[in-house]
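Listing of input_5.cif; format and content: mmCIF, C-alpha atoms.
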data_model
loop_
_atom_site.label_atom_id
_atom_site.label_comp_id
_atom_site.auth_asym_id
_atom_site.auth_seq_id
_atom_site.Cartn_x
_atom_site.Cartn_y
_atom_site.Cartn_z
CA MET E 1 24.38 -14.55 51.21
CA THR E 2 26.62 -17.41 52.34
CA ILE E 3 25.92 -20.90 51.03
CA THR E 4 27.93 -23.77 52.47
CA LEU E 5 28.16 -26.81 50.20
CA PRO E 6 29.70 -30.26 50.39
CA ALA E 7 33.35 -30.37 49.43
CA GLU E 8 32.73 -32.64 46.47
CA ARG E 9 30.57 -29.98 44.80
CA ALA E 10 33.13 -27.20 45.30
CA ALA E 11 35.48 -28.34 42.55
CA HIS E 12 35.75 -25.30 40.29
CA PRO E 13 37.43 -22.45 42.20
CA GLY E 14 38.36 -20.53 39.05
CA ARG E 15 34.79 -20.65 37.79
CA GLY E 16 33.47 -19.54 41.18
CA ILE E 17 35.85 -16.57 41.29
CA MET E 18 34.90 -15.50 37.76
CA LEU E 19 31.18 -15.71 38.56
CA MET E 20 31.65 -13.68 41.75
CA LEU E 21 33.60 -11.02 39.84
CA LEU E 22 30.73 -10.81 37.34
CA ALA E 23 28.25 -10.53 40.21
CA VAL E 24 30.29 -7.68 41.69
CA LEU E 25 30.27 -5.88 38.34
CA GLY E 26 26.49 -6.29 38.31
CA TRP E 27 26.21 -4.69 41.76
CA VAL E 28 28.40 -1.78 40.66
CA ALA E 29 26.23 -1.32 37.57
CA MET E 30 23.09 -1.39 39.75
CA ASP E 31 24.42 1.33 42.05
CA THR E 32 25.50 3.39 39.05
CA ILE E 33 22.05 3.09 37.47
CA GLY E 34 20.34 3.85 40.77
CA LYS E 35 22.44 6.98 41.31
CA THR E 36 21.77 8.07 37.73
CA LEU E 37 18.01 7.66 38.08
CA VAL E 38 17.71 9.54 41.37
CA GLY E 39 20.00 12.19 39.90
CA TRP E 40 17.49 12.61 37.07
CA GLY E 41 14.79 13.34 39.64
CA ILE E 42 13.17 9.89 39.67
CA PRO E 43 11.82 9.35 43.23
CA VAL E 44 13.74 6.87 45.34
CA TRP E 45 10.62 4.73 45.92
CA GLN E 46 10.12 4.47 42.17
CA VAL E 47 13.72 3.36 41.66
CA THR E 48 13.28 0.84 44.49
CA TRP E 49 10.07 -0.43 42.89
CA ALA E 50 11.81 -0.89 39.54
CA ARG E 51 14.61 -2.89 41.17
CA TYR E 52 12.07 -5.47 42.46
CA ALA E 53 9.40 -5.28 39.76
CA PHE E 54 11.73 -6.19 36.92
CA HIS E 55 13.63 -8.67 39.10
CA LEU E 56 10.32 -10.47 39.61
CA ALA E 57 9.50 -10.21 35.90
CA ALA E 58 12.85 -11.82 35.05
CA MET E 59 12.07 -14.76 37.34
CA LEU E 60 8.48 -15.39 36.26
CA PRO E 61 9.31 -17.44 33.14
CA PHE E 62 11.33 -19.86 35.30
CA VAL E 63 8.57 -19.97 37.93
CA LEU E 64 5.91 -20.72 35.29
CA ALA E 65 8.14 -23.41 33.80
CA GLY E 66 8.37 -25.08 37.20
CA ARG E 67 12.10 -24.52 37.56
CA VAL E 68 11.73 -22.44 40.74
CA ASN E 69 9.96 -23.84 43.80
CA VAL E 70 8.00 -20.93 45.29
CA ARG E 71 6.74 -22.83 48.33
CA THR E 72 8.45 -22.00 51.59
CA THR E 73 8.37 -23.71 54.96
CA ARG E 74 9.29 -20.46 56.75
CA PRO E 75 7.11 -17.70 55.29
CA GLY E 76 7.54 -15.42 58.30
CA LEU E 77 11.31 -15.40 58.06
CA GLN E 78 11.17 -15.07 54.27
CA VAL E 79 8.97 -11.98 54.52
CA THR E 80 11.10 -10.47 57.29
CA ARG E 81 14.31 -11.06 55.35
CA SER E 82 12.82 -9.59 52.19
CA LEU E 83 11.58 -6.50 54.03
CA LEU E 84 15.06 -5.97 55.46
CA LEU E 85 16.55 -6.01 51.96
CA LEU E 86 13.85 -3.61 50.76
CA VAL E 87 14.87 -1.17 53.50
CA VAL E 88 18.54 -1.60 52.57
CA THR E 89 17.73 -0.85 48.93
CA PHE E 90 15.77 2.28 49.80
CA LEU E 91 18.47 3.58 52.16
CA VAL E 92 21.27 2.95 49.64
CA TYR E 93 19.49 4.70 46.76
CA THR E 94 18.62 7.61 49.01
CA ALA E 95 22.26 7.86 50.08
CA LEU E 96 23.44 7.69 46.46
CA ARG E 97 21.37 10.75 45.70
CA PHE E 98 23.75 12.80 47.86
CA LEU E 99 26.99 10.81 48.27
CA PRO E 100 29.67 9.38 45.95
CA LEU E 101 29.48 5.74 44.89
CA ALA E 102 32.78 4.90 46.58
CA THR E 103 31.69 6.37 49.93
CA VAL E 104 28.41 4.47 50.04
CA ASN E 105 30.08 1.21 49.02
CA ALA E 106 32.95 1.57 51.48
CA ILE E 107 30.61 2.14 54.42
CA GLY E 108 28.56 -0.81 53.20
CA PHE E 109 31.49 -3.10 53.95
CA LEU E 110 30.71 -2.58 57.63
CA THR E 111 28.15 -5.36 57.21
CA PRO E 112 30.49 -8.33 57.96
CA LEU E 113 31.70 -6.56 61.09
CA LEU E 114 28.15 -5.87 62.24
CA ILE E 115 27.25 -9.52 61.61
CA THR E 116 30.10 -10.49 63.94
CA ALA E 117 28.77 -8.18 66.65
CA LEU E 118 25.13 -9.24 66.19
CA SER E 119 25.95 -12.96 66.14
CA VAL E 120 26.54 -12.81 69.89
CA PRO E 121 22.98 -11.85 70.97
CA LEU E 122 21.12 -13.30 67.96
CA LEU E 123 22.96 -16.54 67.20
CA ARG E 124 24.52 -17.16 70.63
CA GLU E 125 27.97 -17.33 69.10
CA ARG E 126 31.22 -16.54 70.88
CA VAL E 127 33.42 -13.79 69.50
CA GLY E 128 37.06 -13.57 70.55
CA ILE E 129 39.00 -10.46 71.44
CA ARG E 130 40.74 -10.28 68.05
CA ARG E 131 37.46 -10.19 66.15
CA TRP E 132 36.11 -7.55 68.54
CA LEU E 133 39.21 -5.49 67.85
CA ALA E 134 38.57 -5.88 64.12
CA VAL E 135 35.01 -4.62 64.64
CA ALA E 136 36.32 -1.63 66.61
CA ALA E 137 38.88 -0.90 63.88
CA GLY E 138 36.14 -1.01 61.24
CA PHE E 139 34.08 1.56 63.11
CA ALA E 140 37.19 3.70 63.49
CA GLY E 141 37.54 3.52 59.71
CA VAL E 142 33.97 4.76 59.32
CA LEU E 143 34.67 7.70 61.63
CA ILE E 144 37.73 8.59 59.56
CA LEU E 145 35.71 8.34 56.36
CA ILE E 146 32.70 10.39 57.43
CA ARG E 147 34.58 12.76 59.80
CA PRO E 148 31.66 13.65 62.08
CA SER E 149 31.22 17.40 62.44
CA PRO E 150 28.46 20.00 62.16
CA ALA E 151 29.40 20.24 58.47
CA MET E 152 28.89 16.51 57.83
CA HIS E 153 26.13 15.73 55.34
CA PRO E 154 23.26 13.95 57.16
CA ALA E 155 23.11 11.41 54.31
CA MET E 156 26.35 9.93 55.70
CA LEU E 157 24.20 8.18 58.30
CA LEU E 158 22.11 6.38 55.65
CA PRO E 159 24.74 3.84 54.46
CA ILE E 160 25.55 3.10 58.11
CA ALA E 161 21.88 2.32 58.74
CA ALA E 162 21.83 0.29 55.50
CA ALA E 163 24.84 -1.73 56.67
CA LEU E 164 23.06 -2.50 59.95
CA MET E 165 19.87 -3.60 58.17
CA ASN E 166 22.01 -5.63 55.75
CA ALA E 167 23.62 -7.43 58.69
CA PHE E 168 20.18 -8.50 59.95
CA TYR E 169 19.31 -9.51 56.39
CA GLN E 170 22.45 -11.65 56.07
CA ILE E 171 21.75 -13.35 59.40
CA ALA E 172 18.22 -14.15 58.23
CA THR E 173 19.70 -15.51 54.99
CA ARG E 174 22.03 -17.73 57.01
CA LEU E 175 19.09 -19.11 58.98
CA LEU E 176 17.06 -19.76 55.82
CA SER E 177 19.93 -21.44 53.99
CA HIS E 178 19.56 -24.50 56.23
CA THR E 179 16.06 -25.32 54.96
CA GLU E 180 15.23 -23.26 51.87
CA PRO E 181 16.54 -23.54 48.29
CA ALA E 182 18.39 -20.41 47.24
CA THR E 183 16.09 -19.83 44.25
CA THR E 184 13.03 -19.95 46.54
CA THR E 185 14.55 -17.24 48.70
CA LEU E 186 15.45 -15.24 45.58
CA PHE E 187 11.83 -15.40 44.41
CA TRP E 188 10.42 -14.30 47.76
CA THR E 189 12.90 -11.42 47.83
CA SER E 190 11.49 -10.04 44.58
CA LEU E 191 7.84 -10.80 45.40
CA VAL E 192 7.81 -9.08 48.80
CA GLY E 193 9.88 -6.14 47.58
CA PHE E 194 7.59 -5.63 44.57
CA THR E 195 4.40 -5.91 46.65
CA VAL E 196 5.45 -3.39 49.32
CA ALA E 197 7.06 -0.94 46.89
CA SER E 198 3.97 -1.09 44.65
CA ALA E 199 1.84 0.11 47.57
CA ALA E 200 4.07 3.15 48.06
CA VAL E 201 5.06 4.05 44.50
CA PRO E 202 1.73 5.71 43.44
CA PHE E 203 2.52 8.46 45.96
CA ALA E 204 6.02 9.00 44.53
CA TRP E 205 5.95 8.56 40.77
CA SER E 206 7.58 10.56 37.99
CA SER E 207 6.87 9.50 34.41
CA PRO E 208 10.23 8.46 32.94
CA ASP E 209 11.25 8.84 29.31
CA ALA E 210 12.45 5.93 27.17
CA TRP E 211 15.94 6.07 28.69
CA GLY E 212 14.46 6.11 32.17
CA TRP E 213 12.36 3.01 31.48
CA THR E 214 15.38 1.28 29.94
CA LEU E 215 17.50 1.91 33.00
CA MET E 216 14.69 0.87 35.35
CA VAL E 217 14.29 -2.44 33.51
CA ALA E 218 18.07 -2.94 33.50
CA LEU E 219 18.19 -2.29 37.25
CA GLY E 220 15.75 -5.10 38.04
CA VAL E 221 17.24 -7.59 35.58
CA LEU E 222 20.74 -6.89 36.90
CA GLY E 223 19.45 -7.46 40.44
CA CYS E 224 18.13 -10.89 39.47
CA VAL E 225 21.15 -11.92 37.40
CA SER E 226 23.74 -10.66 39.90
CA HIS E 227 22.20 -12.52 42.82
CA TYR E 228 21.91 -15.65 40.71
CA LEU E 229 25.59 -15.39 39.72
CA MET E 230 26.50 -15.07 43.38
CA ILE E 231 24.53 -18.22 44.23
CA VAL E 232 26.19 -20.18 41.41
CA ALA E 233 29.61 -18.84 42.46
CA TYR E 234 29.12 -20.30 45.94
CA THR E 235 27.96 -23.54 44.31
CA ALA E 236 31.11 -23.79 42.19
CA SER E 237 33.60 -22.84 44.91
CA PRO E 238 33.74 -22.70 48.71
CA ALA E 239 33.05 -19.37 50.37
CA VAL E 240 36.65 -19.17 51.59
CA VAL E 241 37.71 -18.85 47.93
CA VAL E 242 35.11 -16.51 46.47
CA ALA E 243 33.85 -14.29 49.31
CA PRO E 244 36.97 -12.07 49.55
CA PHE E 245 36.46 -11.10 45.90
CA THR E 246 33.34 -9.12 46.89
CA TYR E 247 35.79 -6.43 48.04
CA THR E 248 36.84 -5.86 44.42
CA GLN E 249 33.68 -3.76 44.27
CA LEU E 250 35.72 -0.83 45.59
CA ILE E 251 38.19 -1.20 42.72
CA TRP E 252 35.37 -0.49 40.26
CA VAL E 253 33.30 2.13 42.03
CA VAL E 254 36.15 4.65 42.24
CA PRO E 255 36.79 4.95 38.47
CA VAL E 256 33.08 4.55 37.66
CA GLY E 257 32.19 7.26 40.17
CA TRP E 258 34.81 9.57 38.68
CA PHE E 259 33.85 8.87 35.05
CA ALA E 260 30.07 8.97 35.49
CA PHE E 261 29.65 11.56 38.24
CA GLY E 262 32.98 13.37 38.65
CA ASP E 263 33.44 12.04 42.19
CA LEU E 264 36.87 11.14 43.56
CA PRO E 265 37.55 10.14 47.19
CA ASP E 266 40.01 12.33 49.08
CA LEU E 267 42.89 10.99 51.18
CA TRP E 268 40.86 10.50 54.35
CA ASN E 269 38.07 8.75 52.45
CA ALA E 270 40.67 6.34 51.06
CA VAL E 271 42.25 5.76 54.49
CA GLY E 272 38.88 5.09 56.13
CA ALA E 273 37.81 2.73 53.33
CA ALA E 274 41.11 0.84 53.55
CA ILE E 275 40.67 0.33 57.31
CA ILE E 276 37.09 -0.92 56.85
CA VAL E 277 38.13 -3.39 54.13
CA ALA E 278 41.15 -4.62 56.11
CA SER E 279 38.97 -5.15 59.19
CA GLY E 280 36.40 -7.07 57.15
CA LEU E 281 39.02 -9.28 55.53
CA TYR E 282 40.62 -10.01 58.90
CA THR E 283 37.23 -10.94 60.35
CA PHE E 284 36.67 -13.29 57.43
CA TYR E 285 40.14 -14.78 57.98
CA ARG E 286 39.29 -15.48 61.62
CA GLU E 287 36.03 -17.14 60.53
CA VAL E 288 38.04 -19.42 58.24
CA ARG E 289 40.50 -20.26 61.02
CA ARG E 290 37.60 -21.20 63.27
CA GLY E 291 36.24 -23.49 60.54
CA ARG E 292 32.97 -21.56 60.23
CA VAL E 293 33.33 -20.82 56.50
CA ALA E 294 33.35 -23.72 54.06
#
Since I need it in another form, could you write the structure as structure tokens?
Amino acid sequence: MTITLPAERAAHPGRGIMLMLLAVLGWVAMDTIGKTLVGWGIPVWQVTWARYAFHLAAMLPFVLAGRVNVRTTRPGLQVTRSLLLLVVTFLVYTALRFLPLATVNAIGFLTPLLITALSVPLLRERVGIRRWLAVAAGFAGVLILIRPSPAMHPAMLLPIAAALMNAFYQIATRLLSHTEPATTTLFWTSLVGFTVASAAVPFAWSSPDAWGWTLMVALGVLGCVSHYLMIVAYTASPAVVVAPFTYTQLIWVVPVGWFAFGDLPDLWNAVGAAIIVASGLYTFYREVRRGRVA
């Protein structure tokens, strides 16, 4: 989610960076919890439901107190955007059932490159040759990481699909940011996700123990808090300052994946991830040079 704010409000770069780093830690914790739950045999739809159900529960006190405006002028786009994120969530948790944290997260950083490619047909934007080369390099990084072959695990395709859906989601977020308060969009995200997942979860439910319920609640609350921290980070500092710090996610998922699940990326995984990150950062740099990121 990119929020562009007037320069006079972006006066606390250090605070914005710190908040973004905390948001990133929240995302890493969410993926770790999600992988743990599906590893325990909790169905992916149930984990997805928990992510939205307890996110919504965390927001309700603020909604009832009148601190969150739930009215939207673009309900169709809000629902579409929320459904896209629901699909992303389901694909990521399904992928985490079979793949290491670092692999899923590294492929996920294809999203900025896909946004660049999709901005041409969807937003009628012009993309120069250098940004197209960065997109091509990013996809080359994915090929190095997944190493397509008959022996490749089919789940490798899931984070790629999630990155594509996330790109559509981010574009929808960009369109909504012109007219909708961020907290309104955050509320609709949880409401739509909870409603749709609730319709599916009775067909895929496994009664969790106390630890399972604790982790499910933590997953939803972390989802709410992490997204809120991201919003406040963009309020405190311009995107050009804080957005690159989202890539610190890879710094955390490698040791967490090793400690919690015994997963370590091999050399080619590391090379592919490095190419994807470098391509994404270069694309962001070109956006800054073009004056499109405040």
Closest atom pairs, residues of segment 129-220 of chain E within 12 Å of segment 57-60 of chain E, all atoms listed in the file, as JSON lines:
{"residue": "E:Thr183", "atom": "CA", "partner": "E:Met59", "partner_atom": "CA", "distance": 9.5}
{"residue": "E:Thr184", "atom": "CA", "partner": "E:Met59", "partner_atom": "CA", "distance": 10.6}
{"residue": "E:Thr185", "atom": "CA", "partner": "E:Met59", "partner_atom": "CA", "distance": 11.9}
{"residue": "E:Leu186", "atom": "CA", "partner": "E:Met59", "partner_atom": "CA", "distance": 8.9}
{"residue": "E:Phe187", "atom": "CA", "partner": "E:Met59", "partner_atom": "CA", "distance": 7.1}
{"residue": "E:Trp188", "atom": "CA", "partner": "E:Met59", "partner_atom": "CA", "distance": 10.6}
{"residue": "E:Thr189", "atom": "CA", "partner": "E:Met59", "partner_atom": "CA", "distance": 11.0}
{"residue": "E:Ser190", "atom": "CA", "partner": "E:Met59", "partner_atom": "CA", "distance": 8.7}
{"residue": "E:Leu191", "atom": "CA", "partner": "E:Ala57", "partner_atom": "CA", "distance": 9.7}
{"residue": "E:Phe194", "atom": "CA", "partner": "E:Ala57", "partner_atom": "CA", "distance": 10.0}
{"residue": "E:Val217", "atom": "CA", "partner": "E:Ala57", "partner_atom": "CA", "distance": 9.4}
{"residue": "E:Ala218", "atom": "CA", "partner": "E:Ala58", "partner_atom": "CA", "distance": 10.4}
{"residue": "E:Leu219", "atom": "CA", "partner": "E:Ala58", "partner_atom": "CA", "distance": 11.1}
{"residue": "E:Gly220", "atom": "CA", "partner": "E:Ala58", "partner_atom": "CA", "distance": 7.9}
Checklist entry - So which residues get picked by the PyMOL selection byres ((chain E and resi 117-131) around 10) here, written as a PyMOL selection string? => result chain E and resi 111-116+132-137+164+167-168+171+175+279-280+282-287
Item to check | Residue nearest Ala162 of chain E among E:Pro238, E:Gly39, E:Gly257, E:Gly108 (counting all atoms listed in the file) | outcome: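 When distances to Ala162 of chain E are compared using all atoms listed in the file, the smallest one comes from E:Gly108.
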Next on the checklist: For a quick check of your reading of the model, name the residues lying within 9 Å of the coordinate (5.9, 10.7, 37.5), counting all atoms listed in the file, and write them as JSON, numbers by chain.
Outcome noted: {"E": [42, 43, 46, 202, 204, 205, 206, 207, 208]}
Expanded to explicit residues, what is the PyMOL selection byres ((chain E and resi 160) around 9) for this file, as a CSV table (one decimal) with C-alpha atoms, keeping the file's coordinate frame?
chain,number,residue,atom,x,y,z
E,104,VAL,CA,28.4,4.5,50.0
E,107,ILE,CA,30.6,2.1,54.4
E,108,GLY,CA,28.6,-0.8,53.2
E,110,LEU,CA,30.7,-2.6,57.6
E,111,THR,CA,28.2,-5.4,57.2
E,142,VAL,CA,34.0,4.8,59.3
E,156,MET,CA,26.4,9.9,55.7
E,157,LEU,CA,24.2,8.2,58.3
E,158,LEU,CA,22.1,6.4,55.6
E,159,PRO,CA,24.7,3.8,54.5
E,161,ALA,CA,21.9,2.3,58.7
E,162,ALA,CA,21.8,0.3,55.5
E,163,ALA,CA,24.8,-1.7,56.7
E,164,LEU,CA,23.1,-2.5,60.0
E,165,MET,CA,19.9,-3.6,58.2
Item to check | Shell of 9 Å around Ala243 of chain E, only C-alpha atoms, local chain residues under 6 positions omitted, as a PyMOL selection string | outcome: chain E and resi 2+17+20+234+284
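Comparing the minimum interatomic distances between Leu145 of chain E and each of E:Gly272, E:Pro100, E:Gly223, E:Gly14, counting all atoms listed in the file, we find that E:Gly272 sits nearest.
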Next on the checklist: Evaluate the PyMOL selection byres ((chain E and resi 177) around 12) against this structure - the residues, as a VMD selection string, please.
Outcome noted: chain E and resid 1 to 5 72 to 74 77 to 78 81 170 to 176 178 to 186 231
Next on the checklist: Given the point (35.9, -12.9, 42.0) in the coordinates of this file, which residues lie within 8 Å, counting only C-alpha atoms, and how would they look as a PyMOL selection string?
Outcome noted: chain E and resi 16-22+24+242-246+248
Next on the checklist: Can you measure atom CA of Leu83 of chain E to atom CA of Val192 of chain E for me? One decimal in Å is fine.
Outcome noted: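 Taking atom CA of Leu83 of chain E as the start and atom CA of Val192 of chain E as the end point, the length is 6.9 Å.
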Checklist outcome for this item: Using all atoms listed in the file, the shortest atom-to-atom distance to Asn166 of chain E among E:Val225, E:Leu86, E:Met230, E:Val288 belongs to E:Leu86
Checklist entry - Of the candidates E:Tyr169, E:Tyr247, E:Phe54, E:Trp252, which shows the shortest atom-to-atom distance to Leu281 of chain E, using only C-alpha atoms? => result E:Tyr247
